[in-house]
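What follows is the content of run_20.txt, which has compact mmCIF, C-alpha atoms and all ligand atoms:
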```txt
# COMPACT_ATOMS: atom_id res chain seq x y z
CA MET H 559 31.01 23.50 -41.78
CA PRO H 560 33.53 22.77 -39.00
CA HIS H 561 36.82 24.61 -39.46
CA LEU H 562 38.69 21.70 -37.91
CA GLN H 563 37.57 18.08 -38.01
CA SER H 564 38.88 14.67 -37.02
CA ARG H 565 37.21 11.25 -36.76
CA SER H 566 35.83 12.14 -33.32
CA LEU H 567 35.89 15.95 -33.01
CA ARG H 568 34.29 18.82 -34.97
CA VAL H 569 35.42 22.32 -34.12
CA TYR H 570 33.22 25.26 -35.16
CA ALA H 571 33.88 28.98 -34.67
CA ASP H 572 31.95 29.03 -31.39
CA SER H 573 31.11 25.43 -30.54
CA LEU H 574 32.50 21.92 -30.29
CA GLU H 575 31.03 18.51 -31.15
CA TYR H 576 32.34 15.08 -30.26
CA LEU H 577 31.50 11.60 -31.47
CA ASP H 578 30.07 9.78 -28.44
CA GLN H 579 32.43 6.80 -28.16
CA THR H 580 30.22 5.04 -25.60
CA ARG H 581 27.63 4.48 -28.34
CA LEU H 582 29.99 3.01 -30.93
CA PRO H 583 29.84 0.82 -32.92
CA GLN H 584 26.04 0.61 -32.86
CA ALA H 585 25.41 4.34 -33.32
CA GLU H 586 27.44 7.27 -34.65
CA THR H 587 26.08 10.04 -32.44
CA TRP H 588 27.58 13.55 -32.51
CA VAL H 589 27.02 15.57 -29.34
CA CYS H 590 27.50 19.29 -28.71
CA CYS H 591 29.88 20.10 -25.84
CA ALA H 592 28.74 23.51 -24.61
CA SER H 593 30.56 23.90 -21.28
CA PRO H 594 33.46 22.62 -19.15
CA GLU H 595 30.90 20.71 -17.06
CA GLU H 596 29.59 18.88 -20.12
CA TRP H 597 33.17 18.09 -21.14
CA GLN H 598 33.88 16.62 -17.69
CA VAL H 599 30.82 14.37 -17.89
CA ALA H 600 31.78 13.23 -21.41
CA VAL H 601 35.39 12.51 -20.42
CA LYS H 602 34.49 10.69 -17.19
CA SER H 603 32.07 8.44 -19.08
CA LEU H 604 34.66 7.88 -21.88
CA ALA H 605 32.37 9.42 -24.49
CA ILE H 606 35.54 11.44 -25.19
CA ARG H 607 38.61 9.26 -24.57
CA GLY H 608 42.16 8.42 -25.67
CA ALA H 609 45.14 10.37 -24.34
CA PRO H 610 45.61 12.91 -27.19
CA LEU H 611 41.88 13.49 -27.74
CA ILE H 612 41.26 14.21 -24.05
CA GLY H 613 43.93 16.94 -24.11
CA LEU H 614 42.86 18.49 -27.43
CA SER H 615 39.17 18.61 -26.55
CA ALA H 616 40.05 20.23 -23.20
CA ALA H 617 42.00 22.94 -25.04
CA PHE H 618 38.98 23.76 -27.24
CA VAL H 619 36.60 23.78 -24.27
CA LEU H 620 38.89 26.16 -22.40
CA ALA H 621 39.18 28.45 -25.46
CA GLN H 622 35.38 28.39 -25.83
CA TYR H 623 34.93 29.27 -22.15
CA ALA H 624 37.40 32.16 -22.41
CA ALA H 625 35.58 33.54 -25.46
CA GLN H 626 32.29 33.42 -23.53
CA HIS H 627 33.82 34.99 -20.38
CA PRO H 628 36.37 37.52 -21.67
CA GLY H 629 38.69 39.24 -19.21
CA GLN H 630 38.13 36.70 -16.43
CA GLU H 631 41.56 35.11 -16.19
CA SER H 632 41.15 33.89 -12.63
CA GLU H 633 37.95 32.09 -13.72
CA TRP H 634 39.78 30.53 -16.70
CA GLN H 635 42.40 29.25 -14.28
CA LEU H 636 39.78 27.61 -12.07
CA VAL H 637 38.19 25.97 -15.12
CA SER H 638 41.58 24.76 -16.30
CA ASP H 639 42.26 23.29 -12.83
CA ARG H 640 38.93 21.42 -12.94
CA LEU H 641 39.58 20.05 -16.42
CA ARG H 642 43.07 18.95 -15.35
CA ALA H 643 41.71 16.87 -12.46
CA THR H 644 39.13 15.01 -14.56
CA ARG H 645 41.35 12.10 -15.63
CA PRO H 646 44.75 12.02 -13.94
CA THR H 647 46.78 9.41 -15.82
CA ALA H 648 47.21 10.59 -19.42
CA VAL H 649 49.75 13.41 -19.41
CA ASN H 650 48.57 14.78 -22.79
CA LEU H 651 45.81 16.59 -20.88
CA MET H 652 48.43 18.34 -18.76
CA TYR H 653 50.51 19.14 -21.87
CA CYS H 654 47.54 20.82 -23.59
CA LEU H 655 46.39 22.73 -20.50
CA ASP H 656 49.94 23.94 -19.78
CA ALA H 657 50.11 25.24 -23.37
CA MET H 658 46.76 27.00 -22.99
CA GLU H 659 47.62 28.53 -19.61
CA ALA H 660 50.80 29.99 -21.11
CA CYS H 661 48.49 32.01 -23.43
CA PHE H 662 46.06 33.33 -20.82
CA ALA H 663 47.62 36.80 -20.85
CA GLN H 664 47.05 37.10 -24.62
CA GLY H 665 43.26 36.72 -24.42
CA PRO H 666 40.54 34.57 -26.02
CA ALA H 667 41.60 34.88 -29.68
CA ALA H 668 45.10 33.64 -28.85
CA LEU H 669 43.61 30.75 -26.88
CA SER H 670 41.50 29.64 -29.87
CA GLU H 671 44.55 29.82 -32.12
CA ARG H 672 46.63 27.85 -29.61
CA ALA H 673 43.99 25.10 -29.38
CA ALA H 674 43.87 24.88 -33.18
CA ALA H 675 47.68 24.68 -33.31
CA LEU H 676 47.67 21.83 -30.78
CA PHE H 677 45.14 19.98 -32.95
CA GLU H 678 47.24 20.45 -36.11
CA GLU H 679 50.36 19.43 -34.21
CA ASP H 680 48.75 16.19 -33.05
CA ARG H 681 47.69 15.36 -36.60
CA GLU H 682 51.29 15.80 -37.76
CA LEU H 683 52.76 13.84 -34.80
CA CYS H 684 50.39 10.96 -35.59
CA LEU H 685 51.68 10.80 -39.15
CA GLN H 686 55.31 10.87 -38.08
CA MET H 687 55.03 8.11 -35.48
CA ALA H 688 52.75 6.03 -37.71
CA GLU H 689 55.34 6.15 -40.53
CA ARG H 690 58.06 5.02 -38.11
CA GLY H 691 55.82 2.31 -36.68
CA ALA H 692 54.89 1.08 -40.16
CA ASP H 693 58.62 0.73 -40.99
CA LEU H 694 58.72 -2.03 -38.34
CA LEU H 695 55.94 -4.07 -39.94
CA ALA H 696 56.62 -6.67 -42.61
CA GLU H 697 54.37 -8.38 -45.14
CA GLY H 698 52.14 -11.05 -43.60
CA GLU H 699 52.85 -10.18 -39.98
CA ARG H 700 50.34 -10.81 -37.23
CA VAL H 701 50.10 -7.93 -34.79
CA LEU H 702 48.34 -7.95 -31.43
CA THR H 703 47.02 -4.66 -30.04
CA HIS H 704 45.19 -3.52 -26.91
CA CYS H 705 42.59 -0.84 -26.19
CA ASN H 706 41.94 1.77 -28.90
CA THR H 707 44.73 3.90 -30.32
CA GLY H 708 43.31 4.96 -33.66
CA ALA H 709 41.78 8.01 -35.29
CA LEU H 710 39.06 8.00 -32.63
CA ALA H 711 41.65 8.71 -29.94
CA THR H 712 43.64 11.46 -31.67
CA ALA H 713 43.36 14.29 -34.19
CA GLY H 714 45.01 12.18 -36.89
CA VAL H 715 45.55 8.55 -37.89
CA GLY H 716 46.28 7.44 -34.34
CA THR H 717 49.30 5.98 -32.56
CA ALA H 718 49.66 2.16 -32.66
CA ILE H 719 46.66 1.80 -34.99
CA GLY H 720 48.12 4.67 -37.03
CA ALA H 721 51.14 2.47 -37.74
CA LEU H 722 48.85 -0.35 -38.89
CA ALA H 723 46.89 2.09 -41.08
CA VAL H 724 50.04 3.43 -42.76
CA ALA H 725 51.35 -0.12 -43.34
CA LYS H 726 48.02 -0.99 -44.96
CA LYS H 727 48.27 2.12 -47.17
CA ARG H 728 51.73 0.99 -48.25
CA GLY H 729 50.23 -2.34 -49.38
CA VAL H 730 51.68 -4.40 -46.50
CA ALA H 731 49.24 -7.22 -45.68
CA LEU H 732 48.75 -7.62 -41.93
CA HIS H 733 46.52 -9.64 -39.66
CA VAL H 734 45.55 -7.89 -36.43
CA TYR H 735 44.48 -9.53 -33.18
CA VAL H 736 42.35 -7.13 -31.16
CA ASN H 737 42.21 -7.58 -27.39
CA GLU H 738 38.66 -6.74 -26.39
CA THR H 739 40.05 -4.72 -23.43
CA ARG H 740 37.99 -5.34 -20.33
CA PRO H 741 36.28 -3.70 -18.55
CA LEU H 742 35.06 -1.01 -20.98
CA LEU H 743 35.79 -2.90 -24.21
CA GLN H 744 37.58 -0.19 -26.18
CA GLY H 745 39.10 -3.00 -28.28
CA GLY H 746 35.88 -4.92 -28.87
CA ARG H 747 33.80 -1.83 -29.57
CA LEU H 748 36.19 0.73 -31.08
CA THR H 749 39.30 -0.97 -32.45
CA ALA H 750 37.26 -3.70 -34.15
CA TRP H 751 35.16 -0.94 -35.73
CA GLU H 752 38.28 0.94 -36.86
CA MET H 753 39.85 -2.24 -38.31
CA ALA H 754 36.73 -2.77 -40.43
CA ASP H 755 36.80 0.92 -41.43
CA LEU H 756 40.46 0.58 -42.47
CA ASP H 757 39.75 -2.73 -44.22
CA ILE H 758 42.45 -4.50 -42.18
CA PRO H 759 41.76 -8.21 -41.54
CA TYR H 760 41.40 -8.81 -37.80
CA GLN H 761 40.14 -11.19 -35.15
CA LEU H 762 38.73 -10.11 -31.83
CA ILE H 763 39.95 -12.03 -28.77
CA ALA H 764 39.18 -11.88 -25.06
CA ASP H 765 42.18 -10.46 -23.19
CA SER H 766 42.80 -13.80 -21.45
CA MET H 767 43.46 -15.49 -24.82
CA ALA H 768 46.63 -13.54 -25.66
CA ALA H 769 48.98 -15.96 -23.89
CA SER H 770 47.74 -19.06 -25.67
CA LEU H 771 47.72 -17.18 -28.99
CA MET H 772 51.42 -16.40 -28.48
CA ALA H 773 52.16 -19.93 -27.28
CA ALA H 774 50.66 -21.15 -30.55
CA GLY H 775 53.17 -18.96 -32.42
CA LYS H 776 50.45 -16.78 -33.94
CA VAL H 777 51.73 -13.34 -32.91
CA ASP H 778 54.74 -11.64 -34.55
CA LYS H 779 54.54 -8.28 -32.77
CA VAL H 780 52.61 -6.43 -30.11
CA MET H 781 51.91 -2.72 -30.63
CA VAL H 782 50.14 -0.56 -28.06
CA GLY H 783 49.73 3.12 -27.23
CA ALA H 784 50.58 4.98 -24.03
CA ASP H 785 49.04 7.49 -21.66
CA ARG H 786 52.28 8.55 -19.99
CA ILE H 787 55.91 7.58 -20.66
CA CYS H 788 58.40 8.21 -17.84
CA ALA H 789 61.99 9.40 -18.00
CA ASN H 790 63.17 5.79 -17.45
CA GLY H 791 60.87 4.41 -20.19
CA ASP H 792 58.24 2.84 -17.91
CA PHE H 793 54.82 3.69 -19.29
CA ALA H 794 51.16 3.68 -18.33
CA ASN H 795 48.52 2.40 -20.73
CA LYS H 796 45.11 0.77 -20.53
CA VAL H 797 44.96 -1.87 -17.81
CA GLY H 798 45.97 -5.23 -19.28
CA THR H 799 48.95 -3.81 -21.17
CA TYR H 800 51.40 -4.92 -18.47
CA MET H 801 50.06 -8.49 -18.55
CA LEU H 802 50.46 -8.46 -22.34
CA ALA H 803 54.06 -7.25 -22.04
CA VAL H 804 54.92 -10.01 -19.54
CA VAL H 805 53.41 -12.65 -21.80
CA ALA H 806 55.15 -11.22 -24.89
CA ASN H 807 58.47 -11.20 -23.06
CA TYR H 808 58.00 -14.86 -22.03
CA HIS H 809 57.24 -15.85 -25.62
CA LYS H 810 59.97 -13.60 -27.10
CA VAL H 811 57.45 -11.59 -29.12
CA PRO H 812 58.72 -8.01 -29.81
CA PHE H 813 56.69 -5.45 -27.87
CA TYR H 814 56.41 -1.85 -29.11
CA VAL H 815 54.81 1.24 -27.61
CA VAL H 816 53.78 3.98 -30.05
CA ALA H 817 53.16 7.53 -28.78
CA PRO H 818 53.81 11.21 -29.52
CA TYR H 819 56.40 13.24 -27.57
CA THR H 820 53.42 14.89 -25.82
CA THR H 821 52.95 11.60 -23.92
CA VAL H 822 56.49 11.73 -22.49
CA ASP H 823 56.63 13.14 -18.96
CA LYS H 824 60.26 13.99 -18.16
CA ALA H 825 59.22 14.99 -14.64
CA CYS H 826 58.01 11.45 -13.93
CA ALA H 827 61.15 9.51 -13.03
CA THR H 828 59.62 6.01 -12.97
CA GLY H 829 56.27 4.28 -13.29
CA ASP H 830 55.85 4.50 -9.50
CA ASP H 831 55.25 8.25 -9.95
CA ILE H 832 52.33 7.89 -12.40
CA PRO H 833 48.92 8.61 -10.84
CA ILE H 834 46.61 5.73 -11.75
CA GLU H 835 42.91 6.52 -12.09
CA GLN H 836 40.57 4.28 -10.07
CA ARG H 837 37.12 3.86 -11.58
CA ASP H 838 33.67 2.88 -10.48
CA ALA H 839 33.00 -0.62 -9.12
CA ALA H 840 29.97 -0.96 -11.42
CA GLU H 841 32.31 -1.32 -14.42
CA ILE H 842 33.58 -4.63 -12.98
CA ARG H 843 30.37 -5.91 -11.40
CA GLY H 844 28.63 -5.71 -14.75
CA ALA H 845 28.19 -3.41 -17.69
CA THR H 846 26.29 -0.17 -17.87
CA GLY H 847 25.88 2.26 -20.69
CA ALA H 848 23.97 3.35 -23.72
CA PHE H 849 22.81 -0.18 -24.55
CA GLY H 850 21.40 -1.20 -21.18
CA ASP H 851 22.61 -2.36 -17.80
CA VAL H 852 23.56 -5.87 -16.74
CA VAL H 853 24.98 -6.92 -13.38
CA TRP H 854 26.61 -10.35 -13.02
CA ALA H 855 28.51 -10.03 -9.73
CA PRO H 856 26.87 -10.23 -6.32
CA GLU H 857 25.47 -6.85 -5.34
CA ASN H 858 28.17 -4.79 -3.59
CA ALA H 859 30.94 -7.32 -4.45
CA PRO H 860 34.21 -5.61 -3.41
CA VAL H 861 36.08 -4.39 -6.51
CA TRP H 862 39.55 -3.10 -7.50
CA ASN H 863 39.29 -1.16 -10.76
CA PRO H 864 42.44 0.68 -11.87
CA SER H 865 41.91 2.11 -15.35
CA PHE H 866 45.59 1.82 -16.31
CA ASP H 867 48.65 -0.20 -15.42
CA VAL H 868 52.38 0.41 -15.69
CA THR H 869 54.65 -1.58 -17.97
CA PRO H 870 58.31 -1.50 -16.91
CA ALA H 871 60.85 -0.42 -19.51
CA SER H 872 62.61 -3.78 -19.22
CA LEU H 873 59.71 -5.44 -21.08
CA VAL H 874 59.69 -3.04 -24.03
CA THR H 875 61.51 -3.76 -27.29
CA GLY H 876 61.06 -0.30 -28.81
CA TRP H 877 59.46 3.08 -28.08
CA VAL H 878 58.12 4.48 -31.37
CA LEU H 879 57.80 8.26 -31.03
CA ASP H 880 57.37 10.96 -33.67
CA THR H 881 61.01 11.84 -32.92
CA GLY H 882 62.41 8.36 -33.59
CA VAL H 883 62.43 4.72 -32.57
CA PHE H 884 64.28 4.19 -29.31
CA ASP H 885 65.65 0.93 -27.96
CA GLN H 886 66.39 0.23 -24.31
CA ALA H 887 69.93 1.66 -24.51
CA ALA H 888 68.67 4.93 -26.06
CA ILE H 889 65.95 5.19 -23.42
CA ALA H 890 68.52 4.63 -20.66
CA ARG H 891 70.48 7.57 -22.13
CA GLY H 892 67.29 9.66 -21.96
CA GLU H 893 67.17 10.26 -25.75
CA HIS H 894 63.35 10.20 -25.77
CA CYS H 895 63.30 13.17 -23.40
CA ARG H 896 65.25 15.56 -25.68
O1 LIG N 901 40.56 4.96 -20.88
P1 LIG N 901 40.93 5.29 -22.30
O2 LIG N 901 40.06 4.63 -23.32
O3 LIG N 901 41.05 6.78 -22.51
O4 LIG N 901 42.38 4.67 -22.45
C1 LIG N 901 43.05 4.84 -23.68
C2 LIG N 901 44.35 4.15 -23.77
O5 LIG N 901 44.82 3.57 -22.82
C3 LIG N 901 45.10 4.29 -25.05
O6 LIG N 901 45.87 3.16 -25.30
C4 LIG N 901 46.02 5.51 -24.91
O7 LIG N 901 45.28 6.66 -24.59
C5 LIG N 901 46.82 5.77 -26.13
S1 LIG N 901 45.73 6.30 -27.45
C6 LIG N 901 46.31 7.11 -28.58
```
Written as structure tokens, how would this file's structure read?
Ligand code: MRU
Amino acid sequence: MPHLQSRSLRVYADSLEYLDQTRLPQAETWVCCASPEEWQVAVKSLAIRGAPLIGLSAAFVLAQYAAQHPGQESEWQLVSDRLRATRPTAVNLMYCLDAMEACFAQGPAALSERAAALFEEDRELCLQMAERGADLLAEGERVLTHCNTGALATAGVGTAIGALAVAKKRGVALHVYVNETRPLLQGGRLTAWEMADLDIPYQLIADSMAASLMAAGKVDKVMVGADRICANGDFANKVGTYMLAVVANYHKVPFYVVAPYTTVDKACATGDDIPIEQRDAAEIRGATGAFGDVVWAPENAPVWNPSFDVTPASLVTGWVLDTGVFDQAAIARGEHCR
């Protein structure tokens, strides 16, 4: 029996398993993660993904490594440095590794306890932000979301999808539009699967359909997650979020970002300071993965493939954190950073 478990992570006394998100929704495959190298491969391929989950799984892998190599603090540091560099945009990874590094002097048992505490904290943060997000949702509303921000991406109910899940639990009827989220289809593969799991009525759309859906008056709110929120309120999230925010602003559709305080990076003054991960050209030229390879672009077609984009604070109606819901004036006063 795992002593800690979420929708996508199982933590045992001396091992870790993750749900391979590249194989969903066709197969629910649990994979053992036995080393930092295996974690890096899983994270780079997005088998483990979502800002909070990346950080939490890194904490457990580091604790596991320390237990297997006791008394080798300089080695732990090198491992931590390698984990930190695996995906640069989501700051939750840095938050978790900073917390673990602060415990190095106390030894492996303290590191395991710290990783477990981070997991429990995330579960609680999810609940708090989801309750606040659900307060914003009214009976019959149609909500558009992007990428995957649910239980798969966190230790708890999720961020933006967490809000939808809590609203559903309260008996609020919603209709959710799910952007499929090119190029890796976290919406089409994972969010659609979670909507069905939560029994929330939804329709899947291609990302390019969001504007005409709003023009037709079919969207009441947009809710997305975040990978890093800056001191000025700019935030990074899955590429396509910025386009959605521009379109929502044009159509006067309220646009909310839902995230835990662990996604806020006070040291990042503006979105210009966020490192944006560039990914492999093959993801744009075609699709590769567990279910086969297909290439539709000319071989070697030049590609630009940023994994995230930055939405400026001016396009955001509200920042829903575990600590409160902040409007633009509160963000300008730096209240989300306290
Ligand atoms: O590349 P991914 O799938 O890790 O990107 C995930 C997102 O952009 C999510 O919206 C973000 O991590 C918030 S999830 C709770």
Name the residues, using the chain letters and numbers of the file, that sit within 7 Å of (49.2, 13.7, -25.7) when counting all atoms listed in the file, and give them as a PyMOL selection string. chain H and resi 609-610+613+649-651+653+818+820-821
Among listed residues H:Cys684, H:Cys705, H:Met781, H:Val878, nearest Asp765 in chain H (using all atoms listed in the file): H:Cys705
Would you mind listing what lies within 9 Å of Leu611 in chain H as a PDB file with C-alpha atoms, keeping the file's coordinate frame, with all atoms listed in the file counted and same-chain residues fewer than 2 positions away left out?
```pdb
ATOM      1  CA  SER H 566      35.830  12.140 -33.320  1.00  0.00           C
ATOM      2  CA  LEU H 567      35.890  15.950 -33.010  1.00  0.00           C
ATOM      3  CA  ILE H 606      35.540  11.440 -25.190  1.00  0.00           C
ATOM      4  CA  ARG H 607      38.610   9.260 -24.570  1.00  0.00           C
ATOM      5  CA  GLY H 608      42.160   8.420 -25.670  1.00  0.00           C
ATOM      6  CA  ALA H 609      45.140  10.370 -24.340  1.00  0.00           C
ATOM      7  CA  GLY H 613      43.930  16.940 -24.110  1.00  0.00           C
ATOM      8  CA  LEU H 614      42.860  18.490 -27.430  1.00  0.00           C
ATOM      9  CA  SER H 615      39.170  18.610 -26.550  1.00  0.00           C
ATOM     10  CA  ALA H 616      40.050  20.230 -23.200  1.00  0.00           C
ATOM     11  CA  ASN H 650      48.570  14.780 -22.790  1.00  0.00           C
ATOM     12  CA  LEU H 651      45.810  16.590 -20.880  1.00  0.00           C
ATOM     13  CA  PHE H 677      45.140  19.980 -32.950  1.00  0.00           C
ATOM     14  CA  LEU H 710      39.060   8.000 -32.630  1.00  0.00           C
ATOM     15  CA  ALA H 711      41.650   8.710 -29.940  1.00  0.00           C
ATOM     16  CA  THR H 712      43.640  11.460 -31.670  1.00  0.00           C
ATOM     17  CA  ALA H 713      43.360  14.290 -34.190  1.00  0.00           C
TER      18      ALA H 713
END
```
Identify, counting only C-alpha atoms and all ligand atoms, the protein, DNA and RNA residues located within 8 Å of ligand LIG 901 (chain N), and give them as a PDB file with C-alpha atoms, in the coordinates of the input.
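The result, written out as selection.pdb:
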```pdb
ATOM      1  CA  LEU H 604      34.660   7.880 -21.880  1.00  0.00           C
ATOM      2  CA  ILE H 606      35.540  11.440 -25.190  1.00  0.00           C
ATOM      3  CA  ARG H 607      38.610   9.260 -24.570  1.00  0.00           C
ATOM      4  CA  GLY H 608      42.160   8.420 -25.670  1.00  0.00           C
ATOM      5  CA  ALA H 609      45.140  10.370 -24.340  1.00  0.00           C
ATOM      6  CA  PRO H 610      45.610  12.910 -27.190  1.00  0.00           C
ATOM      7  CA  LEU H 611      41.880  13.490 -27.740  1.00  0.00           C
ATOM      8  CA  ILE H 612      41.260  14.210 -24.050  1.00  0.00           C
ATOM      9  CA  ALA H 648      47.210  10.590 -19.420  1.00  0.00           C
ATOM     10  CA  HIS H 704      45.190  -3.520 -26.910  1.00  0.00           C
ATOM     11  CA  CYS H 705      42.590  -0.840 -26.190  1.00  0.00           C
ATOM     12  CA  ASN H 706      41.940   1.770 -28.900  1.00  0.00           C
ATOM     13  CA  THR H 707      44.730   3.900 -30.320  1.00  0.00           C
ATOM     14  CA  GLY H 708      43.310   4.960 -33.660  1.00  0.00           C
ATOM     15  CA  ALA H 711      41.650   8.710 -29.940  1.00  0.00           C
ATOM     16  CA  THR H 712      43.640  11.460 -31.670  1.00  0.00           C
ATOM     17  CA  GLY H 716      46.280   7.440 -34.340  1.00  0.00           C
ATOM     18  CA  THR H 717      49.300   5.980 -32.560  1.00  0.00           C
ATOM     19  CA  ALA H 718      49.660   2.160 -32.660  1.00  0.00           C
ATOM     20  CA  LEU H 742      35.060  -1.010 -20.980  1.00  0.00           C
ATOM     21  CA  GLN H 744      37.580  -0.190 -26.180  1.00  0.00           C
ATOM     22  CA  VAL H 782      50.140  -0.560 -28.060  1.00  0.00           C
ATOM     23  CA  GLY H 783      49.730   3.120 -27.230  1.00  0.00           C
ATOM     24  CA  ALA H 784      50.580   4.980 -24.030  1.00  0.00           C
ATOM     25  CA  ASP H 785      49.040   7.490 -21.660  1.00  0.00           C
ATOM     26  CA  ALA H 794      51.160   3.680 -18.330  1.00  0.00           C
ATOM     27  CA  ASN H 795      48.520   2.400 -20.730  1.00  0.00           C
ATOM     28  CA  LYS H 796      45.110   0.770 -20.530  1.00  0.00           C
ATOM     29  CA  VAL H 797      44.960  -1.870 -17.810  1.00  0.00           C
ATOM     30  CA  ALA H 817      53.160   7.530 -28.780  1.00  0.00           C
ATOM     31  CA  SER H 865      41.910   2.110 -15.350  1.00  0.00           C
ATOM     32  CA  PHE H 866      45.590   1.820 -16.310  1.00  0.00           C
TER      33      PHE H 866
END
```
Determine, counting all atoms listed in the file, which protein, DNA and RNA residues have an atom within 8 Å of an atom of Lys779 in chain H; residues of the same chain fewer than 6 positions away are not included. Present the result as a PyMOL selection string. chain H and resi 699-702+811-814
Neighbours of point (58.2, -3.1, -24.3) within 10 Å, using only C-alpha atoms, written as a PDB file with C-alpha atoms, keeping the file's coordinate frame:
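Dumped everything to result-v2.pdb:
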```pdb
ATOM      1  CA  VAL H 780      52.610  -6.430 -30.110  1.00  0.00           C
ATOM      2  CA  MET H 781      51.910  -2.720 -30.630  1.00  0.00           C
ATOM      3  CA  VAL H 782      50.140  -0.560 -28.060  1.00  0.00           C
ATOM      4  CA  GLY H 791      60.870   4.410 -20.190  1.00  0.00           C
ATOM      5  CA  ASP H 792      58.240   2.840 -17.910  1.00  0.00           C
ATOM      6  CA  PHE H 793      54.820   3.690 -19.290  1.00  0.00           C
ATOM      7  CA  THR H 799      48.950  -3.810 -21.170  1.00  0.00           C
ATOM      8  CA  TYR H 800      51.400  -4.920 -18.470  1.00  0.00           C
ATOM      9  CA  LEU H 802      50.460  -8.460 -22.340  1.00  0.00           C
ATOM     10  CA  ALA H 803      54.060  -7.250 -22.040  1.00  0.00           C
ATOM     11  CA  VAL H 804      54.920 -10.010 -19.540  1.00  0.00           C
ATOM     12  CA  ALA H 806      55.150 -11.220 -24.890  1.00  0.00           C
ATOM     13  CA  ASN H 807      58.470 -11.200 -23.060  1.00  0.00           C
ATOM     14  CA  VAL H 811      57.450 -11.590 -29.120  1.00  0.00           C
ATOM     15  CA  PRO H 812      58.720  -8.010 -29.810  1.00  0.00           C
ATOM     16  CA  PHE H 813      56.690  -5.450 -27.870  1.00  0.00           C
ATOM     17  CA  TYR H 814      56.410  -1.850 -29.110  1.00  0.00           C
ATOM     18  CA  VAL H 815      54.810   1.240 -27.610  1.00  0.00           C
ATOM     19  CA  THR H 869      54.650  -1.580 -17.970  1.00  0.00           C
ATOM     20  CA  PRO H 870      58.310  -1.500 -16.910  1.00  0.00           C
ATOM     21  CA  ALA H 871      60.850  -0.420 -19.510  1.00  0.00           C
ATOM     22  CA  SER H 872      62.610  -3.780 -19.220  1.00  0.00           C
ATOM     23  CA  LEU H 873      59.710  -5.440 -21.080  1.00  0.00           C
ATOM     24  CA  VAL H 874      59.690  -3.040 -24.030  1.00  0.00           C
ATOM     25  CA  THR H 875      61.510  -3.760 -27.290  1.00  0.00           C
ATOM     26  CA  GLY H 876      61.060  -0.300 -28.810  1.00  0.00           C
ATOM     27  CA  TRP H 877      59.460   3.080 -28.080  1.00  0.00           C
ATOM     28  CA  ASP H 885      65.650   0.930 -27.960  1.00  0.00           C
ATOM     29  CA  GLN H 886      66.390   0.230 -24.310  1.00  0.00           C
TER      30      GLN H 886
END
```
Find the residues around Arg843 in chain H up to 9 Å (only C-alpha atoms counted), leave out those fewer than 2 positions away in its own chain, and share them as a list of chain:residue names.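 So the residues in contact are H:Ala839, H:Ala840, H:Glu841, H:Ala845, H:Val852, H:Val853, H:Trp854, H:Ala855, H:Pro856, H:Glu857, H:Asn858, H:Ala859, H:Pro860, H:Val861.
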Which residues, written as a list in words, have at least one atom at most 8 Å from range 719-729 of chain H, with all atoms listed in the file counted and residues fewer than 5 positions away on the same chain left out?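 Close residues of range 719-729 of chain H: Cys684, Leu685, Met687, Ala688, Glu689, Arg690, Gly691, Ala692, Asp693, Leu695, Asn706, Thr707, Gly708, Ala709, Leu756 and Ile758 of chain H.
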Among listed residues H:Leu574, H:Glu596, H:Phe662, H:Arg645, nearest Glu633 in chain H (using all atoms listed in the file):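 The answer is H:Phe662, which sits nearest to Glu633 in chain H.
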note - CA of Tyr623 in chain H and CA of Val637 in chain H are separated by 8.4 Å
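You can rank H:Gln836, H:Thr828, H:Asn790, H:Ser593 by their closest distance to Thr647 in chain H using all atoms listed in the file, and at the top of that list sits H:Gln836.
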